[in-house]
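Structure below is upload.pdb: PDB, C-alpha atoms.
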ATOM      1  CA  LEU A   1     -62.037 -35.505   0.842
ATOM      2  CA  CYS A   2     -65.260 -37.538   1.090
ATOM      3  CA  VAL A   3     -67.076 -39.132  -1.793
ATOM      4  CA  LEU A   4     -70.566 -40.448  -0.958
ATOM      5  CA  GLY A   5     -69.695 -40.341   2.753
ATOM      6  CA  VAL A   6     -66.601 -42.537   2.445
ATOM      7  CA  PRO A   7     -63.277 -40.807   3.067
ATOM      8  CA  ARG A   8     -60.742 -40.997   0.222
ATOM      9  CA  GLY A   9     -58.875 -44.237   0.604
ATOM     10  CA  GLY A  10     -62.125 -46.124   1.167
ATOM     11  CA  SER A  11     -61.521 -47.014   4.822
ATOM     12  CA  GLY A  12     -64.999 -45.987   5.946
ATOM     13  CA  ALA A  13     -63.396 -44.242   8.934
ATOM     14  CA  LEU A  14     -65.499 -41.565  10.604
ATOM     15  CA  PRO A  15     -65.170 -39.155  13.507
ATOM     16  CA  PRO A  16     -66.668 -40.567  16.714
ATOM     17  CA  GLU A  17     -70.350 -40.235  17.445
ATOM     18  CA  LYS A  18     -71.754 -38.768  20.635
ATOM     19  CA  PRO A  19     -71.634 -41.273  23.552
ATOM     20  CA  PHE A  20     -74.986 -41.711  25.299
ATOM     21  CA  ASN A  21     -76.844 -43.541  28.072
ATOM     22  CA  ILE A  22     -74.538 -42.488  30.912
ATOM     23  CA  SER A  23     -75.478 -44.089  34.228
ATOM     24  CA  CYS A  24     -73.651 -43.772  37.540
ATOM     25  CA  TRP A  25     -73.848 -45.294  41.000
ATOM     26  CA  SER A  26     -72.028 -45.129  44.313
ATOM     27  CA  ARG A  27     -71.386 -48.042  46.667
ATOM     28  CA  ASN A  28     -70.432 -46.036  49.745
ATOM     29  CA  MET A  29     -71.180 -42.307  49.227
ATOM     30  CA  LYS A  30     -67.449 -41.703  48.720
ATOM     31  CA  ASP A  31     -66.962 -43.140  45.231
ATOM     32  CA  LEU A  32     -68.756 -43.083  41.888
ATOM     33  CA  THR A  33     -68.756 -45.577  39.025
ATOM     34  CA  CYS A  34     -70.149 -44.602  35.638
ATOM     35  CA  ARG A  35     -70.908 -46.545  32.473
ATOM     36  CA  TRP A  36     -71.882 -45.324  29.007
ATOM     37  CA  THR A  37     -72.702 -46.512  25.500
ATOM     38  CA  PRO A  38     -70.457 -45.431  22.624
ATOM     39  CA  GLY A  39     -72.047 -43.784  19.593
ATOM     40  CA  ALA A  40     -74.319 -45.841  17.353
ATOM     41  CA  HIS A  41     -71.469 -47.085  15.178
ATOM     42  CA  GLY A  42     -69.090 -47.887  18.056
ATOM     43  CA  GLU A  43     -65.523 -47.021  17.176
ATOM     44  CA  THR A  44     -66.288 -46.098  13.528
ATOM     45  CA  PHE A  45     -63.349 -48.139  12.169
ATOM     46  CA  LEU A  46     -60.798 -46.068  14.095
ATOM     47  CA  HIS A  47     -59.497 -46.486  17.625
ATOM     48  CA  THR A  48     -61.517 -44.145  19.810
ATOM     49  CA  ASN A  49     -60.465 -42.841  23.220
ATOM     50  CA  TYR A  50     -63.181 -42.137  25.790
ATOM     51  CA  SER A  51     -62.708 -39.721  28.683
ATOM     52  CA  LEU A  52     -65.237 -39.416  31.483
ATOM     53  CA  LYS A  53     -65.226 -35.852  32.805
ATOM     54  CA  TYR A  54     -66.898 -34.454  35.899
ATOM     55  CA  LYS A  55     -67.140 -31.245  37.881
ATOM     56  CA  LEU A  56     -69.134 -29.630  40.631
ATOM     57  CA  ARG A  57     -72.122 -28.047  38.933
ATOM     58  CA  TRP A  58     -71.778 -24.369  39.792
ATOM     59  CA  TYR A  59     -68.173 -23.704  40.621
ATOM     60  CA  GLY A  60     -66.023 -26.733  39.976
ATOM     61  CA  GLN A  61     -63.204 -27.229  37.524
ATOM     62  CA  ASP A  62     -63.215 -30.099  35.036
ATOM     63  CA  ASN A  63     -61.772 -33.362  36.335
ATOM     64  CA  THR A  64     -60.965 -36.505  34.363
ATOM     65  CA  CYS A  65     -61.707 -39.990  35.664
ATOM     66  CA  GLU A  66     -58.586 -42.191  35.732
ATOM     67  CA  GLU A  67     -59.702 -45.761  36.601
ATOM     68  CA  TYR A  68     -61.204 -47.037  33.330
ATOM     69  CA  HIS A  69     -62.730 -50.447  32.470
ATOM     70  CA  THR A  70     -63.626 -51.230  36.087
ATOM     71  CA  MET A  71     -67.164 -52.393  35.178
ATOM     72  CA  GLY A  72     -66.766 -53.256  31.501
ATOM     73  CA  PRO A  73     -65.219 -51.670  28.426
ATOM     74  CA  HIS A  74     -67.006 -48.312  28.682
ATOM     75  CA  SER A  75     -66.838 -47.526  32.374
ATOM     76  CA  CYS A  76     -64.795 -45.558  34.860
ATOM     77  CA  HIS A  77     -64.495 -45.422  38.661
ATOM     78  CA  ILE A  78     -63.878 -42.277  40.709
ATOM     79  CA  PRO A  79     -62.616 -43.728  44.003
ATOM     80  CA  LYS A  80     -62.720 -40.770  46.436
ATOM     81  CA  ASP A  81     -62.838 -37.059  47.174
ATOM     82  CA  LEU A  82     -66.420 -36.476  46.060
ATOM     83  CA  ALA A  83     -68.572 -33.819  47.703
ATOM     84  CA  LEU A  84     -71.984 -34.667  49.123
ATOM     85  CA  PHE A  85     -75.097 -32.456  48.905
ATOM     86  CA  THR A  86     -73.735 -30.834  45.746
ATOM     87  CA  PRO A  87     -74.719 -31.791  42.197
ATOM     88  CA  TYR A  88     -72.077 -32.965  39.759
ATOM     89  CA  GLU A  89     -72.073 -32.591  36.004
ATOM     90  CA  ILE A  90     -70.760 -35.709  34.240
ATOM     91  CA  TRP A  91     -70.098 -36.241  30.540
ATOM     92  CA  VAL A  92     -68.049 -38.432  28.195
ATOM     93  CA  GLU A  93     -65.786 -37.191  25.421
ATOM     94  CA  ALA A  94     -64.975 -39.513  22.498
ATOM     95  CA  THR A  95     -61.914 -38.710  20.375
ATOM     96  CA  ASN A  96     -60.249 -40.307  17.370
ATOM     97  CA  ARG A  97     -57.864 -38.933  14.751
ATOM     98  CA  LEU A  98     -60.753 -37.496  12.703
ATOM     99  CA  GLY A  99     -62.466 -35.544  15.456
ATOM    100  CA  SER A 100     -64.308 -35.651  18.745
ATOM    101  CA  ALA A 101     -67.816 -35.785  20.173
ATOM    102  CA  ARG A 102     -69.243 -35.016  23.592
ATOM    103  CA  SER A 103     -72.193 -36.677  25.308
ATOM    104  CA  ASP A 104     -75.060 -34.812  26.867
ATOM    105  CA  VAL A 105     -74.333 -33.762  30.448
ATOM    106  CA  LEU A 106     -75.734 -35.912  33.261
ATOM    107  CA  THR A 107     -76.408 -33.970  36.479
ATOM    108  CA  LEU A 108     -76.581 -35.938  39.718
ATOM    109  CA  ASP A 109     -75.973 -35.835  43.451
ATOM    110  CA  VAL A 110     -73.927 -38.757  44.771
ATOM    111  CA  LEU A 111     -76.510 -39.307  47.540
ATOM    112  CA  ASP A 112     -79.193 -39.946  44.901
ATOM    113  CA  VAL A 113     -77.307 -42.845  43.283
ATOM    114  CA  VAL A 114     -76.101 -44.852  46.301
ATOM    115  CA  THR A 115     -76.653 -48.593  45.935
ATOM    116  CA  THR A 116     -76.242 -50.374  49.221
ATOM    117  CA  ASP A 117     -75.344 -54.040  49.580
ATOM    118  CA  PRO A 118     -78.239 -56.355  50.441
ATOM    119  CA  PRO A 119     -78.486 -57.438  54.077
ATOM    120  CA  PRO A 120     -76.401 -60.545  54.823
ATOM    121  CA  ASP A 121     -77.799 -63.979  55.637
ATOM    122  CA  VAL A 122     -81.408 -63.424  54.516
ATOM    123  CA  HIS A 123     -83.652 -66.493  54.319
ATOM    124  CA  VAL A 124     -87.036 -66.772  52.626
ATOM    125  CA  SER A 125     -89.698 -69.214  53.749
ATOM    126  CA  ARG A 126     -93.349 -69.710  52.916
ATOM    127  CA  VAL A 127     -95.815 -68.853  55.656
ATOM    128  CA  GLY A 128     -99.308 -70.314  55.452
ATOM    129  CA  GLY A 129    -100.933 -71.682  52.263
TER     130      GLY A 129
END

Once more with this new file: its structure as C-alpha cells, please.
Amino acid sequence: LCVLGVPRGGSGALPPEKPFNISCWSRNMKDLTCRWTPGAHGETFLHTNYSLKYKLRWYGQDNTCEEYHTMGPHSCHIPKDLALFTPYEIWVEATNRLGSARSDVLTLDVLDVVTTDPPPDVHVSRVGG
C-alpha cells in the first residue's frame, strides 16, 4: 500500500527504474564488454540485481552475460563465442524484490565496435616552426 508514493513502512523503497546508456566495445573481435547506467535513482533503496542479456537479432536465443564488474560496477564481459557479420540485440534487466525493469534494446555488430590498441612505441616530434 502506497501513501503519497512512499510504501507503507516509510522505507522509500521502489521497484527499479529502466537502465539506460548501454555502450559496448570489443578488443579483439571475439569478445564484448558492455557498460550501462542504472535508472535515475540508482538502486532505489533496495538491492538491485542487473543482468545483461544478448542474442542474435533474428534467430538467437537469449543469453546472459556471466562476468560482471569487469569495467566498473555496472559492466559485464562476454569473453568468447560471438558471431561476426550478424547483429546482436543487447539489453539490461534490473530486478529487486518490488519488481523489474528492462532497458531499451541496443542493436550492434561486433565488427562495428572493435577498439584496437594504439601502435606501440610511437614518438611525437615537432617538425619545422

**Request:** Would you write out, as a PyMOL selection string, every residue that the PyMOL selection byres ((chain A and resi 47) around 12) captures in this file?
**Result:** chain A and resi 13-16+42-46+48-50+94-100

**Message:** I'd like to know which of A:Pro19, A:Pro120, A:Gly60, A:Gly128 is closest to His74 (chain A), using all atoms listed in the file.
**Reply:**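 Closest to His74 (chain A), using all atoms listed in the file: A:Pro19.
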
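For the atom pair formed by CA of Cys24 (chain A) and CA of Met71 (chain A), the distance is 11.0 Å, given to one decimal.
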
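Distances from A:Thr86, A:Ala101, A:Val113, A:Ile78 to Leu32 (chain A) were compared using only C-alpha atoms, and the smallest one belongs to A:Ile78.
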
**Asked** Expanded to explicit residues, what is the PyMOL selection byres ((chain A and resi 62) around 12) for this file, as number ranges by chain?
**Response** A: 51-61, 63-65, 88-92

**Output of the PyMOL selection byres ((chain A and resi 85) around 8), listed as a PyMOL selection string** = chain A and resi 83-84+86-87+109-111

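Straight-line separation from CA of Lys80 (chain A) to CA of Asp31 (chain A): 5.0 Å.
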
**Complete:** Expressed in Å, the length from CA of Thr115 (chain A) to CA of Cys76 (chain A) is 16.5 Å

**Nearest to Gly39 (chain A) by atom-to-atom distance, counting only C-alpha atoms, from A:Gly12, A:Ser75, A:Arg102, A:Tyr68** =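 Checking each candidate against Gly39 (chain A), we get A:Arg102 as the closest.
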